[in-house]
$ cat input.cif   # mmCIF, C-alpha atoms
data_work
#
loop_
_atom_site.label_atom_id
_atom_site.label_comp_id
_atom_site.auth_asym_id
_atom_site.auth_seq_id
_atom_site.Cartn_x
_atom_site.Cartn_y
_atom_site.Cartn_z
CA MET A 1268 137.55 105.02 5.60
CA GLU A 1269 140.38 105.63 3.14
CA SER A 1270 143.81 106.59 4.44
CA ALA A 1271 145.06 109.95 3.20
CA VAL A 1272 148.74 109.80 2.33
CA ILE A 1273 151.45 112.23 1.31
CA VAL A 1274 153.13 111.20 -1.92
CA ASP A 1275 155.33 114.27 -2.39
CA ALA A 1276 156.21 117.49 -0.59
CA VAL A 1277 158.27 120.41 -1.91
CA ARG A 1278 159.00 124.01 -1.10
CA THR A 1279 160.91 126.93 -2.47
CA ALA A 1280 163.84 128.36 -0.60
CA SER A 1281 163.01 131.22 1.75
CA GLY A 1282 163.66 134.69 0.36
CA ARG A 1283 163.85 137.83 2.45
CA GLY A 1284 160.48 139.52 2.41
CA LYS A 1285 161.65 142.90 1.20
CA MET A 1286 162.39 144.41 -2.18
CA GLY A 1287 165.74 143.10 -3.30
CA GLY A 1288 165.13 139.77 -1.58
CA ALA A 1289 166.01 136.69 -3.61
CA LEU A 1290 162.39 135.95 -4.60
CA SER A 1291 160.96 139.49 -4.57
CA GLY A 1292 161.14 139.69 -8.36
CA VAL A 1293 158.77 136.73 -8.78
CA HIS A 1294 155.03 137.33 -8.78
CA PRO A 1295 153.46 135.13 -6.06
CA THR A 1296 151.13 133.51 -8.62
CA ASP A 1297 154.16 132.43 -10.65
CA LEU A 1298 156.03 131.32 -7.53
CA LEU A 1299 153.16 129.06 -6.51
CA ALA A 1300 152.61 127.87 -10.10
CA THR A 1301 156.22 126.68 -10.23
CA VAL A 1302 155.64 124.50 -7.16
CA LEU A 1303 152.32 123.13 -8.44
CA ALA A 1304 153.70 122.25 -11.87
CA SER A 1305 156.67 120.49 -10.28
CA LEU A 1306 154.42 118.16 -8.29
CA LEU A 1307 152.79 116.94 -11.49
CA GLU A 1308 156.10 116.55 -13.32
CA ARG A 1309 157.87 114.80 -10.45
CA ASN A 1310 155.06 112.23 -10.12
CA GLY A 1311 154.04 111.74 -13.74
CA LEU A 1312 150.50 113.02 -13.22
CA ASP A 1313 148.09 114.62 -15.66
CA SER A 1314 146.59 117.73 -14.06
CA ALA A 1315 143.09 116.50 -14.93
CA GLN A 1316 143.58 113.75 -12.33
CA VAL A 1317 143.64 116.35 -9.52
CA ASP A 1318 140.26 116.82 -7.85
CA ASP A 1319 141.04 120.08 -6.05
CA VAL A 1320 143.84 122.48 -5.16
CA LEU A 1321 143.67 124.13 -1.73
CA ILE A 1322 146.08 126.97 -1.02
CA GLY A 1323 146.82 129.05 2.06
CA CYS A 1324 147.49 132.77 1.73
CA VAL A 1325 147.06 135.42 4.42
CA SER A 1326 147.28 138.81 2.70
CA GLN A 1327 144.76 138.29 -0.09
CA VAL A 1328 145.07 141.71 -1.69
CA GLY A 1329 147.05 143.21 -4.56
CA ASP A 1330 149.30 140.60 -6.18
CA GLN A 1331 147.67 137.94 -3.99
CA SER A 1332 144.03 138.82 -4.61
CA SER A 1333 141.22 137.23 -6.62
CA ASN A 1334 141.72 133.65 -5.42
CA ILE A 1335 145.44 133.25 -6.03
CA ALA A 1336 144.97 129.47 -5.88
CA ARG A 1337 142.95 129.48 -9.09
CA GLY A 1338 145.33 131.90 -10.74
CA ALA A 1339 148.30 129.68 -9.93
CA VAL A 1340 146.51 126.56 -11.19
CA LEU A 1341 145.93 128.26 -14.53
CA ALA A 1342 149.44 129.73 -14.62
CA ALA A 1343 150.85 126.24 -14.01
CA GLY A 1344 149.08 124.98 -17.12
CA PHE A 1345 146.58 122.78 -15.31
CA ASP A 1346 143.45 121.63 -17.09
CA THR A 1347 140.79 124.31 -16.73
CA ALA A 1348 138.49 121.72 -15.09
CA VAL A 1349 140.68 121.68 -11.96
CA PRO A 1350 139.14 123.91 -9.24
CA ALA A 1351 141.04 125.76 -6.54
CA ALA A 1352 140.33 127.66 -3.34
CA THR A 1353 142.35 130.09 -1.21
CA ILE A 1354 142.20 129.66 2.57
CA ASP A 1355 142.94 132.12 5.36
CA ARG A 1356 143.47 130.73 8.83
CA GLN A 1357 146.24 133.24 9.39
CA CYS A 1358 149.66 131.63 9.91
CA GLY A 1359 148.12 128.15 9.78
CA SER A 1360 146.48 128.68 6.39
CA SER A 1361 148.36 126.02 4.45
CA GLN A 1362 148.34 123.60 7.38
CA GLN A 1363 144.56 123.97 7.30
CA ALA A 1364 144.66 123.46 3.52
CA ALA A 1365 146.50 120.15 4.06
CA THR A 1366 143.95 119.16 6.69
CA PHE A 1367 141.05 119.90 4.35
CA ALA A 1368 142.75 117.97 1.53
CA ALA A 1369 143.36 114.94 3.74
CA GLN A 1370 139.84 115.02 5.17
CA GLY A 1371 138.45 115.25 1.64
CA VAL A 1372 140.36 112.11 0.70
CA MET A 1373 139.36 110.30 3.88
CA SER A 1374 135.67 111.11 3.31
CA GLY A 1375 135.78 109.90 -0.29
CA ALA A 1376 135.24 113.37 -1.79
CA TYR A 1377 138.71 113.40 -3.37
CA ASP A 1378 141.05 110.82 -4.83
CA ILE A 1379 143.89 113.30 -5.42
CA ALA A 1380 144.34 116.81 -4.03
CA ILE A 1381 147.14 119.32 -3.74
CA ALA A 1382 147.50 121.46 -0.63
CA GLY A 1383 149.95 124.29 -0.33
CA GLY A 1384 150.54 127.91 0.39
CA VAL A 1385 152.24 131.08 -0.78
CA GLU A 1386 153.14 134.48 0.60
CA SER A 1387 155.20 137.24 -0.98
CA MET A 1388 155.78 139.59 1.91
CA SER A 1389 158.06 141.75 -0.22
CA ARG A 1390 155.28 142.51 -2.70
CA VAL A 1391 152.32 142.41 -0.30
CA PRO A 1392 153.68 143.70 3.02
CA LEU A 1393 152.26 142.53 6.34
CA GLY A 1394 149.24 144.63 7.24
CA THR A 1395 148.34 145.55 3.66
CA ALA A 1396 144.99 143.77 3.90
CA ALA A 1397 143.85 146.05 6.74
CA ALA A 1398 145.05 149.29 5.16
CA GLY A 1399 142.33 151.94 5.14
CA GLY A 1400 139.95 150.07 7.44
CA SER A 1401 139.56 148.06 10.63
CA PRO A 1402 138.62 144.40 11.07
CA ASN A 1403 136.91 145.24 14.38
CA GLY A 1404 133.34 146.52 14.51
CA GLU A 1405 131.37 147.86 17.45
CA ARG A 1406 130.51 144.45 18.92
CA MET A 1407 134.15 143.36 18.90
CA ARG A 1408 135.20 146.61 20.56
CA ALA A 1409 132.46 146.15 23.16
CA ARG A 1410 133.75 142.69 24.07
CA TYR A 1411 137.39 143.85 24.24
CA PRO A 1412 137.19 147.50 25.28
CA GLU A 1413 140.93 147.79 25.96
CA GLY A 1414 141.59 146.33 22.53
CA LEU A 1415 143.64 143.33 21.49
CA VAL A 1416 147.34 143.67 20.72
CA ASN A 1417 149.65 142.73 17.88
CA GLN A 1418 151.40 139.38 17.89
CA GLY A 1419 154.70 140.81 19.08
CA VAL A 1420 153.09 142.10 22.27
CA SER A 1421 151.37 138.73 22.70
CA ALA A 1422 154.80 137.11 22.45
CA GLU A 1423 155.98 139.46 25.21
CA LEU A 1424 153.02 138.44 27.40
CA ILE A 1425 153.93 134.78 26.90
CA ALA A 1426 157.59 135.39 27.75
CA SER A 1427 156.51 137.17 30.93
CA LYS A 1428 153.95 134.55 32.00
CA TRP A 1429 156.40 131.66 31.54
CA GLY A 1430 159.33 133.62 32.96
CA PHE A 1431 161.66 133.45 29.96
CA SER A 1432 164.61 135.81 30.14
CA ARG A 1433 165.96 137.76 27.19
CA GLU A 1434 169.03 135.50 27.23
CA GLU A 1435 166.88 132.34 26.99
CA LEU A 1436 164.98 133.77 24.02
CA ASP A 1437 168.20 134.72 22.26
CA GLU A 1438 169.79 131.34 23.00
CA PHE A 1439 166.82 129.63 21.36
CA ALA A 1440 167.07 131.93 18.33
CA ALA A 1441 170.80 131.34 17.89
CA GLU A 1442 170.24 127.58 18.11
CA SER A 1443 167.58 127.81 15.40
CA HIS A 1444 170.11 129.38 13.03
CA ARG A 1445 172.78 126.84 13.99
CA ARG A 1446 170.49 123.89 13.29
CA ALA A 1447 169.26 125.34 10.01
CA ALA A 1448 172.79 126.02 8.83
CA GLU A 1449 173.84 122.50 9.80
CA ALA A 1450 170.86 121.05 7.89
CA SER A 1451 171.43 123.09 4.73
CA GLY A 1452 172.66 120.05 2.81
CA HIS A 1453 169.54 118.09 3.76
CA PHE A 1454 167.27 120.90 2.58
CA GLN A 1455 168.31 120.30 -1.02
CA CYS A 1456 166.03 117.24 -1.00
CA GLU A 1457 162.98 119.40 -0.28
CA ILE A 1458 163.81 122.71 -2.00
CA LEU A 1459 162.61 123.29 -5.55
CA PRO A 1460 165.06 125.64 -7.35
CA VAL A 1461 163.40 128.79 -8.73
CA THR A 1462 164.86 130.69 -11.66
CA VAL A 1463 164.55 134.45 -11.21
CA ALA A 1464 164.94 136.77 -14.20
CA ALA A 1465 166.35 140.27 -13.66
CA GLU A 1466 165.35 143.33 -15.67
CA ASP A 1467 168.59 143.12 -17.67
CA GLY A 1468 167.70 139.60 -18.82
CA THR A 1469 170.15 137.74 -16.59
CA THR A 1470 168.85 134.90 -14.47
CA THR A 1471 169.62 133.58 -11.01
CA VAL A 1472 168.69 130.21 -9.53
CA VAL A 1473 167.45 130.49 -5.96
CA ASP A 1474 167.93 127.17 -4.21
CA ARG A 1475 169.13 128.09 -0.71
CA ASP A 1476 167.36 129.77 2.18
CA GLU A 1477 168.34 133.42 2.23
CA THR A 1478 167.24 133.96 5.82
CA VAL A 1479 169.65 131.58 7.60
CA ARG A 1480 172.55 133.35 9.33
CA ALA A 1481 175.11 130.71 10.27
CA GLY A 1482 177.17 133.11 12.37
CA THR A 1483 174.36 134.14 14.71
CA THR A 1484 175.46 134.34 18.35
CA VAL A 1485 173.72 135.15 21.61
CA GLU A 1486 176.18 138.01 22.07
CA GLY A 1487 175.27 139.49 18.70
CA LEU A 1488 171.53 139.17 19.33
CA ALA A 1489 171.90 140.86 22.71
CA GLY A 1490 172.58 144.19 20.98
CA LEU A 1491 169.14 144.32 19.31
CA GLN A 1492 166.42 146.52 20.77
CA PRO A 1493 162.88 145.35 21.66
CA ALA A 1494 160.69 145.67 18.57
CA PHE A 1495 157.22 146.13 20.08
CA ARG A 1496 157.74 148.47 23.02
CA ASN A 1497 156.03 151.84 22.83
CA ASP A 1498 154.64 154.31 25.35
CA ARG A 1499 151.05 153.11 25.03
CA MET A 1500 151.98 149.45 25.54
CA VAL A 1501 154.32 150.28 28.43
CA GLU A 1502 151.47 152.10 30.14
CA ARG A 1503 149.10 149.17 29.59
CA PHE A 1504 151.60 146.46 30.57
CA PRO A 1505 153.99 148.11 33.02
CA ASP A 1506 155.47 144.82 34.29
CA LEU A 1507 156.76 143.53 30.95
CA GLU A 1508 160.53 143.37 30.50
CA TRP A 1509 160.25 143.83 26.69
CA SER A 1510 162.51 141.09 25.36
CA ILE A 1511 161.13 140.32 21.89
CA THR A 1512 163.47 141.65 19.20
CA PRO A 1513 163.92 141.12 15.46
CA GLY A 1514 166.57 138.55 16.36
CA ASN A 1515 164.30 136.22 18.34
CA SER A 1516 161.35 136.67 15.98
CA SER A 1517 160.71 135.16 12.55
CA PRO A 1518 161.71 137.38 9.61
CA LEU A 1519 159.30 138.52 6.90
CA THR A 1520 159.72 136.06 4.05
CA ASP A 1521 158.73 135.13 0.50
CA GLY A 1522 158.03 131.48 -0.30
CA ALA A 1523 155.71 128.76 -1.55
CA SER A 1524 155.24 125.10 -0.70
CA ALA A 1525 152.87 122.24 -1.49
CA VAL A 1526 152.12 118.59 -0.75
CA LEU A 1527 150.53 115.98 -3.00
CA VAL A 1528 147.79 114.15 -1.10
CA MET A 1529 145.82 111.13 -2.28
CA SER A 1530 144.13 108.01 -1.08
CA GLU A 1531 146.47 105.13 -0.37
CA THR A 1532 144.49 103.05 -2.86
CA MET A 1533 144.97 105.64 -5.60
CA ALA A 1534 148.69 106.00 -4.88
CA LYS A 1535 149.23 102.28 -5.21
CA SER A 1536 147.15 102.08 -8.39
CA LEU A 1537 149.35 104.78 -9.94
CA GLY A 1538 152.56 103.10 -8.81
CA LEU A 1539 153.41 105.97 -6.47
CA ARG A 1540 154.95 105.44 -3.05
CA PRO A 1541 152.99 106.73 -0.05
CA ARG A 1542 155.57 108.43 2.14
CA ALA A 1543 153.42 109.27 5.16
CA ARG A 1544 149.86 108.89 6.39
CA PHE A 1545 147.79 111.64 7.99
CA HIS A 1546 147.10 110.22 11.43
CA SER A 1547 145.21 112.88 13.43
CA PHE A 1548 144.08 116.50 13.38
CA SER A 1549 142.92 119.19 15.76
CA VAL A 1550 142.09 122.87 15.56
CA VAL A 1551 141.30 125.14 18.51
CA GLY A 1552 140.57 128.69 19.50
CA ASP A 1553 142.38 130.24 22.44
CA ASP A 1554 142.76 133.52 24.34
CA PRO A 1555 143.01 136.24 21.64
CA LEU A 1556 145.06 138.52 23.91
CA PHE A 1557 147.82 135.96 24.45
CA MET A 1558 146.95 134.83 20.91
CA LEU A 1559 149.96 132.55 20.34
CA THR A 1560 149.37 129.96 23.09
CA GLY A 1561 146.98 127.92 20.92
CA PRO A 1562 149.52 125.16 20.13
CA ILE A 1563 149.27 124.02 23.77
CA PRO A 1564 145.53 123.14 23.82
CA ALA A 1565 145.76 121.99 20.18
CA THR A 1566 148.42 119.47 21.18
CA HIS A 1567 146.47 118.28 24.22
CA ARG A 1568 143.43 117.75 21.99
CA ILE A 1569 145.24 115.90 19.22
CA LEU A 1570 146.99 113.58 21.65
CA LYS A 1571 143.64 112.71 23.21
CA ARG A 1572 142.09 112.04 19.81
CA SER A 1573 145.04 110.14 18.38
CA GLY A 1574 145.46 107.65 21.20
CA LEU A 1575 149.19 108.36 21.15
CA SER A 1576 151.28 109.50 24.08
CA PHE A 1577 153.67 112.42 23.88
CA GLY A 1578 156.53 109.94 24.14
CA ASP A 1579 155.44 108.28 20.88
CA LEU A 1580 156.42 111.40 18.91
CA ASP A 1581 159.78 111.34 17.16
CA ALA A 1582 159.80 114.98 16.08
CA TYR A 1583 157.78 118.11 16.71
CA GLU A 1584 157.58 121.17 14.48
CA VAL A 1585 156.26 124.12 16.48
CA ASN A 1586 156.30 127.28 14.41
CA GLU A 1587 158.83 129.80 15.65
CA ALA A 1588 156.80 132.94 15.09
CA PHE A 1589 158.63 134.21 18.19
CA ALA A 1590 161.02 132.30 20.45
CA SER A 1591 158.63 132.44 23.41
CA VAL A 1592 156.00 130.38 21.54
CA PRO A 1593 157.84 127.04 21.15
CA LEU A 1594 159.56 127.57 24.51
CA ALA A 1595 156.20 127.85 26.30
CA TRP A 1596 154.90 124.81 24.40
CA ALA A 1597 158.00 122.79 25.30
CA ALA A 1598 157.67 123.75 28.97
CA GLU A 1599 154.05 122.59 29.01
CA PHE A 1600 154.89 119.13 27.66
CA GLY A 1601 158.39 118.59 28.99
CA ALA A 1602 159.50 118.24 25.38
CA ASP A 1603 162.89 116.88 24.37
CA PRO A 1604 164.77 119.93 23.00
CA ALA A 1605 166.56 117.75 20.45
CA LYS A 1606 163.21 116.78 18.85
CA LEU A 1607 161.86 120.34 18.74
CA ASN A 1608 162.38 121.89 15.31
CA PRO A 1609 165.45 119.68 14.74
CA ARG A 1610 166.39 121.40 11.47
CA GLY A 1611 165.81 124.89 12.80
CA GLY A 1612 162.60 126.83 12.62
CA ALA A 1613 161.05 130.01 11.32
CA ILE A 1614 163.46 132.27 13.22
CA ALA A 1615 166.12 131.00 10.82
CA LEU A 1616 164.09 129.68 7.88
CA GLY A 1617 161.57 132.50 7.71
CA HIS A 1618 157.82 132.68 8.01
CA ALA A 1619 156.15 133.21 4.63
CA LEU A 1620 152.75 133.30 6.32
CA GLY A 1621 150.50 131.41 3.92
CA SER A 1622 153.23 128.94 3.00
CA SER A 1623 154.52 128.10 6.47
CA GLY A 1624 152.10 125.28 7.25
CA THR A 1625 153.07 123.07 4.32
CA ARG A 1626 156.69 124.25 4.62
CA LEU A 1627 156.83 122.82 8.14
CA LEU A 1628 155.07 119.66 6.95
CA THR A 1629 157.59 119.25 4.13
CA THR A 1630 160.57 119.70 6.44
CA MET A 1631 159.13 117.35 9.08
CA LEU A 1632 158.45 114.61 6.52
CA HIS A 1633 162.00 114.77 5.16
CA HIS A 1634 163.43 114.72 8.69
CA LEU A 1635 161.42 111.63 9.66
CA GLU A 1636 162.60 109.87 6.51
CA ALA A 1637 166.23 110.80 7.14
CA THR A 1638 166.16 109.65 10.77
CA GLY A 1639 163.77 106.69 10.58
CA GLY A 1640 161.26 108.34 12.90
CA ARG A 1641 157.65 107.19 12.80
CA TYR A 1642 155.39 109.93 14.21
CA GLY A 1643 155.73 113.67 13.74
CA LEU A 1644 153.61 116.43 15.27
CA GLN A 1645 153.20 119.84 13.64
CA THR A 1646 151.46 122.74 15.35
CA MET A 1647 151.11 126.39 14.44
CA CYS A 1648 150.02 129.47 16.39
CA GLU A 1649 147.64 131.71 14.45
CA GLY A 1650 146.44 135.30 14.52
CA GLY A 1651 143.29 135.89 16.54
CA GLY A 1652 144.14 133.15 19.03
CA MET A 1653 143.87 129.84 17.15
CA ALA A 1654 146.06 126.83 16.37
CA ASN A 1655 146.15 123.74 14.20
CA ALA A 1656 147.87 120.48 15.06
CA THR A 1657 148.60 117.56 12.75
CA ILE A 1658 150.23 114.17 13.35
CA ILE A 1659 151.65 112.22 10.45
CA GLU A 1660 152.97 108.67 10.42
CA ARG A 1661 155.93 107.94 8.18
CA LEU A 1662 155.38 104.84 6.03
#

$ encode --input "input.cif" --output "structure tokens"
Amino acid sequence: MESAVIVDAVRTASGRGKMGGALSGVHPTDLLATVLASLLERNGLDSAQVDDVLIGCVSQVGDQSSNIARGAVLAAGFDTAVPAATIDRQCGSSQQAATFAAQGVMSGAYDIAIAGGVESMSRVPLGTAAAGGSPNGERMRARYPEGLVNQGVSAELIASKWGFSREELDEFAAESHRRAAEASGHFQCEILPVTVAAEDGTTTVVDRDETVRAGTTVEGLAGLQPAFRNDRMVERFPDLEWSITPGNSSPLTDGASAVLVMSETMAKSLGLRPRARFHSFSVVGDDPLFMLTGPIPATHRILKRSGLSFGDLDAYEVNEAFASVPLAWAAEFGADPAKLNPRGGAIALGHALGSSGTRLLTTMLHHLEATGGRYGLQTMCEGGGMANATIIERL
């Protein structure tokens, strides 16, 4: 079986996911097209050499509708023969895209593929896809008569089950911002500058994460109010302390990212350097009420399949949708805090839903290269109670 390797990995900076955010003036198709075109240019490839483009995107309506992957491929100037597909596995959409790309290479279906993701949460706000309807029919309501809850309430349930205090959640959030601010110089190796044109014709180059707040303190975060508490939820869950706030949650974000995946044989024939090998994969379903605990069984499964021990891992990227998620994961595995999201996570760097999977992969790869680490684990909680896990081996 062929090895699937990563030859390149890039991302845009994170823009605040609201109108007026640094990237809000860029159509998501154009934002993704900029990343796709850069992968070809940086590696001297003709687009016709690419067998498929697989893109994660969660809110596939409005500006992100009609298979945004194909639209971005055409906008990037790719040969019209290059196909593309848009994938929705909620927050893990582009991580799943990378998995599919790697598995396609390993099976012999692809020689070269691009996997990536995009989300413009300023232009397509969270929840837009469900506007005017409900994803739950009668059979779903019959199975869960009390109803499921939004992810913020799930994060509260996790904090309560694992016994995390509000101060612990805020300490984790402040540390995420500190690490991201400290790593800002390193991020220039992975960030692709994006030129944004204003209505008056002036242009701005966005090349730094807009969401990182270097001055974040636990004392400052302590003044924020719980974001998901309401009378109905208090009645349903009377024992919750309600500790999840905007400060210890990931902000809404705009962004795009992508990785260039190919067989090791193809990379060498093209004179390109394989930077990492896809080592192992797992994907699981988990309790849809707690929803965000999936990274725990996903990690147990991937370790069993990989033959590696937890101690073999040099870095772990566990998406910081909410502070309670990586904290619960770390408690389960006795993880080294220094190896957990070492350059900060989504609380600081943002969570552009469809892009986050390959954004984490990009950051983890660059961290392993900078530190000489060998194995990196990435895992992502996902809406509906699912999770992906991926292990890469730096070459």

$ resolve_selection --input "input.cif" --expression "the PyMOL selection byres ((chain A and resi 1453) around 9)" --output "PyMOL selection string"
chain A and resi 1449-1452+1454-1457+1610+1633-1634+1637

$ resolve_selection --input "input.cif" --expression "the PyMOL selection byres ((chain A and resi 1652) around 7)" --output "ChimeraX atom specification"
/A:1552-1555,1558-1559,1561,1649-1651,1653

$ closest_residue --input "input.cif" --among "A:Gly1383, A:Pro1518, A:Gly1578, A:Gly1375" --to "Gly1624 of chain A" --atoms "only C-alpha atoms"
A:Gly1383

$ atom_distance --input "input.cif" --atom1 "atom CA of Met1500 of chain A" --atom2 "atom CA of Trp1596 of chain A"
24.8 Å

$ closest_residue --input "input.cif" --among "A:Val1485, A:Leu1627, A:Leu1491, A:Ala1565" --to "Ala1276 of chain A" --atoms "only C-alpha atoms"
A:Leu1627

$ closest_residue --input "input.cif" --among "A:Ile1273, A:Leu1312, A:Val1473, A:Ala1613" --to "Ala1588 of chain A" --atoms "only C-alpha atoms"
A:Ala1613

$ atom_distance --input "input.cif" --atom1 "atom CA of Val1592 of chain A" --atom2 "atom CA of Ile1511 of chain A"
11.2 Å
